[in-house]
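Visitor: One structure coming up, written as structure tokens, with questions to follow.
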Amino acid sequence: MEIFITLLILLFSIILHEYSHGYIAYRNGDDTAYLMGRLTFNPIKHIDMVGTILLPMICYFSGLPMFGWAKPVPVNFLHLNRPKTDMAKVAFAGPASNLILVTLCVIIYKVLILSNFQEIFAYRILSYGIQINLILAIFNLIPVPPLDGSKIVAAFLPTKQSLKYLSLERYGMIFVIILIVTGVFRVIVMPVFNFCLHLINLIIGA
């Protein structure tokens, strides 16, 4: 039951993450995702066998923080009104959606505590929501192609350097696997995650 709920929260979180990319792209001139039917919360359109199913299962049973990814929403940066500036907006939209979910879960958690709500299961669901979305936001902000952080950094580089930097996306999956297998994921993400979680616990009084 616990893993089922965790996977449902992860699925919703990564779908919202990808939808946010497509929505902000659409608002800034690129209708690629819209025309391809990807501006939807239909999970079938977003499921990636490795990132949405296999990796979360590995994370759960190996004790790693629960995270994964959905099938990337297609974005043609050349169609954006202001390609370099809007690229940063589109890239940040994904992690921003996860941070918004973290904030909502924290607010609800705090309200339940103040209301002296006693149902432990509700607190566990909110806790999963906070942890999963915090991990997703932090991990995706790492400036390693193809993660969102790389596109945010690229938006501030001179055009030539930006294109060279983004060209590394062809090796993106290799980079991500190396981050996980070598333990760099834990070294980079976990200290930030633990610090943020500590601040959240102070806020909610848990």
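Chain lettering (A, B, ...) mirrors the order of the structure tokens, residue numbering begins at 1 for each chain separately, and ligand numbering begins at 1 in order of display.
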Quick one: residues within 12 Å of A:Gln131, only C-alpha atoms, excluding same-chain residues fewer than 6 positions away - as number ranges by chain?
Guide: A: 6, 9-10, 13, 64-67, 98-99, 101-103, 105-106, 124-125, 137-138, 190, 192-198, 200-201
Visitor: Counting only C-alpha atoms, which residue out of A:Ile5, A:Ile203, A:Leu179, A:Ile58 sits closest to A:Leu126?
Guide: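 Under the stated criterion, the closest residue is A:Ile5.
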Visitor: Compile the contact shell of stretch 28-30 of chain A as a count of residues only: residues with an atom at most 8 Å away, counting only C-alpha atoms, same-chain residues fewer than 3 positions apart removed.
Guide: 11
Visitor: For each of A:Leu104, A:Met173, A:Ile15, A:Leu39, take the minimum atom-to-atom distance to A:Ser127, counting only C-alpha atoms, then give the residue where this is smallest.
Guide: A:Leu104
Visitor: Enumerate as a VMD selection string all residues of chain A assigned to alpha helix (DSSP H) by DSSP on the backbone, naming them with the chain letters and numbers the document uses.
Guide: chain A and resid 2 to 27 32 to 35 55 to 62 83 to 114 120 to 140 148 to 154 159 to 166 172 to 181 184 to 204
Visitor: Let me make sure I understand: among A:Ile142, A:Leu112, A:Ala96, A:Met57, which one has the smallest atom-to-atom distance to A:Val184 if we use only C-alpha atoms?
Guide: A:Ile142
Visitor: Taking into account only C-alpha atoms, which residue in the set A:Gln118, A:Val144, A:Lys84, A:Ser62 is nearest to A:Leu163?
Guide: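 So, comparing all the options, the nearest one is A:Lys84.
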Visitor: Using only C-alpha atoms, determine which residues lie at most 12 Å from stretch 167-170 of chain A, disregarding the query and same-chain residues fewer than 4 positions distant; provide the list as a list in words.
Guide: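 So the residues in contact are Pro143, Val144, Pro145, Pro146, Leu147, Asp148, Ser150, Lys151, Ala154, Lys160, Gln161, Ser162, Leu163, Ile174, Phe175 and Val176 of chain A.
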